[in-house]
Amino acid sequence: MNGNSAGVAFDEPALRSRLDRLRNEVDNLDFRLLEILAKRVAVVRELAAYKCALGIPLCDPKREHEMAELHARWAERLDLPQQLVDELFSLVLQSSRDLQASLRRGAVPLNETSSARKIRA
C-alpha cells in the first residue's frame with residue numbers, strides 16, 4: 001500500500017485497475033456517441049433530399065429555436081452544463097446545415113439517400 005500527500009494509505013494496483021476500467025468505459029461511450037452521430041448524419045442526408053424535393057429552405061429558425069429550448073430542458077433534466085449542451089448542438093447544427101447545403105448543390109434525389117441505398121443493398 002502507498003500513501004497520498006495527505007498520508008492516507010491506498011492500494012495503488014487496485015486504483016490503477018479501476019482507472020483503466022473507467023477509461024475503457026469512456027472509450028466505449030465515445031464510440032457509441034459517434035455511432036449515434038453517424039445515424040444522425042444519415043437521417044440529415046435523407047432530410048435534405050426531402051427538403052429539396054419539397055422546395056423547403058434548409059434553415060428553419062422557428063424549429064431551431066424550439067430545439068434549443070428542448071435541448072436546454074434535456075440538459076437540466078440530465079444535470080449537464082448548459083454551455084456544453086449549447087456548444088455541442090451548435091456544432092451539430094452547423095455541421096447539419098453544411099451537409100444539407102452541399103447535398104443540395106449536388107441535388108441528391110430522394111431515391112439516392114443513404115437509407116434508400118442501404119435498403120436496396
# chains A, B, ... in the order shown; residues from 1 in each chain; ligands from 1
>>> residues_around(residues="Glu64 (chain A)", least_positions_apart="4", cutoff="12 Å", atoms="only C-alpha atoms", output="tab-separated table (two decimals) with N, CA and C atoms, in the first residue's frame")
chain	number	residue	atom	x	y	z
A	58	LEU	N	-33.38	25.20	-46.24
A	58	LEU	CA	-32.55	24.37	-45.37
A	58	LEU	C	-32.70	24.77	-43.91
A	59	CYS	N	-32.75	26.07	-43.64
A	59	CYS	CA	-32.83	26.58	-42.26
A	59	CYS	C	-34.28	26.90	-41.90
A	60	ASP	N	-34.64	26.52	-40.70
A	60	ASP	CA	-35.96	26.82	-40.17
A	60	ASP	C	-35.75	27.43	-38.78
A	68	ALA	N	-33.57	24.34	-29.51
A	68	ALA	CA	-32.66	24.90	-28.50
A	68	ALA	C	-33.34	24.88	-27.13
A	69	GLU	N	-34.62	25.21	-27.09
A	69	GLU	CA	-35.36	25.17	-25.83
A	69	GLU	C	-35.47	23.73	-25.31
A	70	LEU	N	-35.73	22.81	-26.21
A	70	LEU	CA	-35.81	21.40	-25.82
A	70	LEU	C	-34.47	20.90	-25.29
A	71	HIS	N	-33.39	21.25	-25.97
A	71	HIS	CA	-32.05	20.84	-25.52
A	71	HIS	C	-31.75	21.41	-24.14
A	86	ASP	N	-25.21	23.61	-25.27
A	86	ASP	CA	-25.35	24.65	-26.30
A	86	ASP	C	-24.25	24.54	-27.34
A	89	PHE	N	-24.64	21.23	-29.54
A	89	PHE	CA	-25.69	21.28	-30.54
A	89	PHE	C	-25.46	22.39	-31.56
A	90	SER	N	-24.77	23.43	-31.18
A	90	SER	CA	-24.41	24.46	-32.15
A	90	SER	C	-23.51	23.86	-33.23
A	92	VAL	N	-23.23	20.61	-33.97
A	92	VAL	CA	-24.00	19.60	-34.70
A	92	VAL	C	-24.92	20.27	-35.72
A	93	LEU	N	-25.58	21.34	-35.31
A	93	LEU	CA	-26.49	22.06	-36.22
A	93	LEU	C	-25.73	22.65	-37.39
A	94	GLN	N	-24.60	23.28	-37.13
A	94	GLN	CA	-23.81	23.87	-38.22
A	94	GLN	C	-23.33	22.80	-39.18
A	96	SER	N	-24.81	19.97	-39.75
A	96	SER	CA	-26.00	19.53	-40.50
A	96	SER	C	-26.35	20.51	-41.61
A	97	ARG	N	-26.28	21.80	-41.30
A	97	ARG	CA	-26.55	22.82	-42.33
A	97	ARG	C	-25.55	22.69	-43.48
>>> select_by_dssp(residues="chain A", states="alpha helix (DSSP H)", output="PyMOL selection string")
chain A and resi 12-54+61-77+82-106+114-120
>>> residues_around(residues="Ala75 (chain A)", least_positions_apart="6", cutoff="10 Å", atoms="only C-alpha atoms", output="list in words")
Glu69, Pro81, Gln82, Gln83, Leu84, Val85 and Asp86 of chain A
>>> write_last_selection(atoms="C-alpha atoms", output="compact mmCIF listing (two decimals), in the first residue's frame")
# COMPACT_ATOMS: atom_id res chain seq x y z
CA GLU A 69 -35.36 25.17 -25.83
CA PRO A 81 -23.77 22.03 -18.07
CA GLN A 82 -25.92 24.23 -20.31
CA GLN A 83 -22.86 25.67 -22.05
CA LEU A 84 -21.68 22.17 -23.02
CA VAL A 85 -25.07 21.30 -24.49
CA ASP A 86 -25.35 24.65 -26.30
>>> atom_distance(atom1="CA of Ala48 (chain A)", atom2="CA of Gln100 (chain A)")
5.3 Å
